[in-house]
Amino acid sequence: MRFAKTALLAIAVTAAATGLPAQEPSRQPPRWLSIGAGRALMRSGPARTYPGVWMYQRAGLPLQVVGTFKEWRRVRDPDGAEGWMLGNLLKRTRTAIVRGDAPAALRADPAADATLVWRAAPGVVGKVSRCGNGWCQFDVDGKAGYVETADIWGVDPGETLP
């Protein structure tokens, strides 16, 4: 019995130290979420006692969840910074951010030769849906079109969304 308790304690300590996914078996990392709060603090570790490393003031910014520990999520931002956020600061709304140095073309249909309907500047955040074959529908405050997934961050290559 003592051995079993020691083994469980060792597993729990190892998971905490490495940031390995814990709980949420149906939603294992990596996965995508967005910042739900107007201000969200990223910390260096999974507790309020760890120092803050970044203060985000942009609701809707996409984040990739790369690990979990209890109510904490280890996240990666579009610039590659990683840290821990409380899960209640995040929401399931799928968003993406335009990356690169040039505006991204939003087209009427998911095809390179489709009519150009909008352009989105680098850094613009919008909701994503209906992804497949290298394209996602991208909606920025009601101005929507299809964007190539290579032009945005917030969707896995080859990912399909209904």
# chains A, B, ... in the order shown; residues from 1 in each chain; ligands from 1
$ select_by_dssp --residues "region 1-161 of chain A" --states "strand (DSSP E)" --output "JSON, numbers by chain"
{"A": [31, 32, 33, 34, 35, 40, 41, 42, 43, 52, 53, 54, 55, 56, 62, 63, 64, 65, 66, 67, 68, 69, 72, 73, 74, 75, 76, 82, 83, 84, 85, 86, 90, 91, 95, 96, 97, 98, 104, 105, 106, 107, 116, 117, 118, 119, 120, 125, 126, 127, 128, 129, 130, 131, 132, 135, 136, 137, 138, 139, 140, 143, 144, 145, 146, 147, 148, 152, 153]}
$ select_by_dssp --residues "chain A" --states "helix (DSSP H, G or I)" --output "list in words"
Arg2, Phe3, Ala4, Lys5, Thr6, Ala7, Leu8, Leu9, Ala10, Ile11, Ala12, Val13, Thr14, Ala15, Ala16, Ala17, Thr18, Pro25, Ser26, Arg27, Gly87, Asn88, Leu89, Thr149, Ala150 and Asp151 of chain A
$ write_last_selection --atoms "C-alpha atoms" --output "mmCIF file, in the first residue's frame"
data_model
loop_
_atom_site.group_PDB
_atom_site.id
_atom_site.type_symbol
_atom_site.label_atom_id
_atom_site.label_comp_id
_atom_site.auth_asym_id
_atom_site.auth_seq_id
_atom_site.Cartn_x
_atom_site.Cartn_y
_atom_site.Cartn_z
ATOM 1 C CA ARG A 2 2.821 2.402 0.866
ATOM 2 C CA PHE A 3 4.484 1.666 -2.508
ATOM 3 C CA ALA A 4 1.255 2.504 -4.382
ATOM 4 C CA LYS A 5 0.927 5.872 -2.591
ATOM 5 C CA THR A 6 4.569 6.677 -3.315
ATOM 6 C CA ALA A 7 4.148 5.773 -6.990
ATOM 7 C CA LEU A 8 1.034 7.956 -7.310
ATOM 8 C CA LEU A 9 2.813 10.853 -5.649
ATOM 9 C CA ALA A 10 5.790 10.435 -7.995
ATOM 10 C CA ILE A 11 3.492 10.473 -11.032
ATOM 11 C CA ALA A 12 1.670 13.599 -9.795
ATOM 12 C CA VAL A 13 4.940 15.424 -9.093
ATOM 13 C CA THR A 14 6.348 14.441 -12.495
ATOM 14 C CA ALA A 15 3.225 15.678 -14.295
ATOM 15 C CA ALA A 16 3.310 18.977 -12.395
ATOM 16 C CA ALA A 17 6.996 19.538 -13.056
ATOM 17 C CA THR A 18 6.844 18.763 -16.759
ATOM 18 C CA PRO A 25 -9.070 13.414 -21.905
ATOM 19 C CA SER A 26 -11.418 14.443 -24.722
ATOM 20 C CA ARG A 27 -9.594 17.720 -25.343
ATOM 21 C CA GLY A 87 -8.469 28.259 -18.126
ATOM 22 C CA ASN A 88 -11.286 30.678 -17.256
ATOM 23 C CA LEU A 89 -9.451 33.449 -19.156
ATOM 24 C CA THR A 149 -4.314 28.930 -44.078
ATOM 25 C CA ALA A 150 -0.680 29.794 -44.891
ATOM 26 C CA ASP A 151 -1.600 33.471 -44.325
#
$ residues_around --residues "region 112-121 of chain A" --least-positions-apart "3" --cutoff "7 Å" --atoms "only C-alpha atoms" --output "compact mmCIF listing (two decimals) with all heavy atoms, in the first residue's frame"
# COMPACT_ATOMS: atom_id res chain seq x y z
N VAL A 98 -3.78 37.30 -38.87
CA VAL A 98 -3.07 37.40 -40.15
C VAL A 98 -1.59 37.57 -39.84
O VAL A 98 -1.20 38.41 -39.04
CB VAL A 98 -3.59 38.58 -40.99
CG1 VAL A 98 -2.78 38.74 -42.27
CG2 VAL A 98 -5.07 38.39 -41.31
N ALA A 102 2.52 41.28 -45.54
CA ALA A 102 1.58 41.81 -46.54
C ALA A 102 0.15 41.46 -46.14
O ALA A 102 -0.09 40.47 -45.45
CB ALA A 102 1.90 41.22 -47.91
N PRO A 103 -0.81 42.26 -46.58
CA PRO A 103 -2.22 41.93 -46.31
C PRO A 103 -2.59 40.57 -46.90
O PRO A 103 -2.06 40.16 -47.94
CB PRO A 103 -2.99 43.05 -47.00
CG PRO A 103 -2.02 44.18 -47.12
CD PRO A 103 -0.67 43.53 -47.31
N ALA A 104 -3.51 39.89 -46.22
CA ALA A 104 -4.01 38.60 -46.71
C ALA A 104 -5.26 38.85 -47.54
O ALA A 104 -6.11 39.67 -47.19
CB ALA A 104 -4.35 37.70 -45.53
N ALA A 105 -5.35 38.14 -48.65
CA ALA A 105 -6.52 38.26 -49.53
C ALA A 105 -7.66 37.40 -48.99
O ALA A 105 -7.46 36.23 -48.69
CB ALA A 105 -6.15 37.81 -50.94
N LEU A 106 -8.83 38.00 -48.87
CA LEU A 106 -10.04 37.26 -48.51
C LEU A 106 -10.87 37.14 -49.78
O LEU A 106 -11.20 38.15 -50.42
CB LEU A 106 -10.84 37.98 -47.42
CG LEU A 106 -10.37 37.72 -45.98
CD1 LEU A 106 -9.00 38.31 -45.72
CD2 LEU A 106 -11.39 38.24 -45.01
N ARG A 107 -11.17 35.92 -50.17
CA ARG A 107 -11.84 35.67 -51.44
C ARG A 107 -13.27 35.18 -51.23
O ARG A 107 -13.62 34.69 -50.17
CB ARG A 107 -11.03 34.65 -52.22
CG ARG A 107 -9.58 35.13 -52.42
CD ARG A 107 -8.93 34.57 -53.63
NE ARG A 107 -7.64 35.19 -53.87
CZ ARG A 107 -7.42 36.21 -54.69
NH1 ARG A 107 -8.42 36.74 -55.36
NH2 ARG A 107 -6.21 36.69 -54.86
N ALA A 108 -14.08 35.33 -52.28
CA ALA A 108 -15.49 34.94 -52.22
C ALA A 108 -15.66 33.44 -52.06
O ALA A 108 -16.63 32.97 -51.46
CB ALA A 108 -16.22 35.43 -53.46
N ASP A 109 -14.74 32.67 -52.60
CA ASP A 109 -14.76 31.21 -52.53
C ASP A 109 -13.37 30.71 -52.17
O ASP A 109 -12.39 31.44 -52.36
CB ASP A 109 -15.19 30.62 -53.88
CG ASP A 109 -16.61 31.01 -54.26
OD1 ASP A 109 -17.52 30.68 -53.47
OD2 ASP A 109 -16.79 31.65 -55.32
N VAL A 124 -4.37 41.51 -37.97
CA VAL A 124 -5.82 41.51 -37.82
C VAL A 124 -6.27 40.14 -37.30
O VAL A 124 -5.80 39.11 -37.78
CB VAL A 124 -6.52 41.85 -39.16
CG1 VAL A 124 -8.00 41.54 -39.11
CG2 VAL A 124 -6.29 43.30 -39.52
N GLY A 145 -14.62 36.33 -45.77
CA GLY A 145 -14.15 35.75 -47.02
C GLY A 145 -13.30 34.54 -46.68
O GLY A 145 -13.14 34.19 -45.51
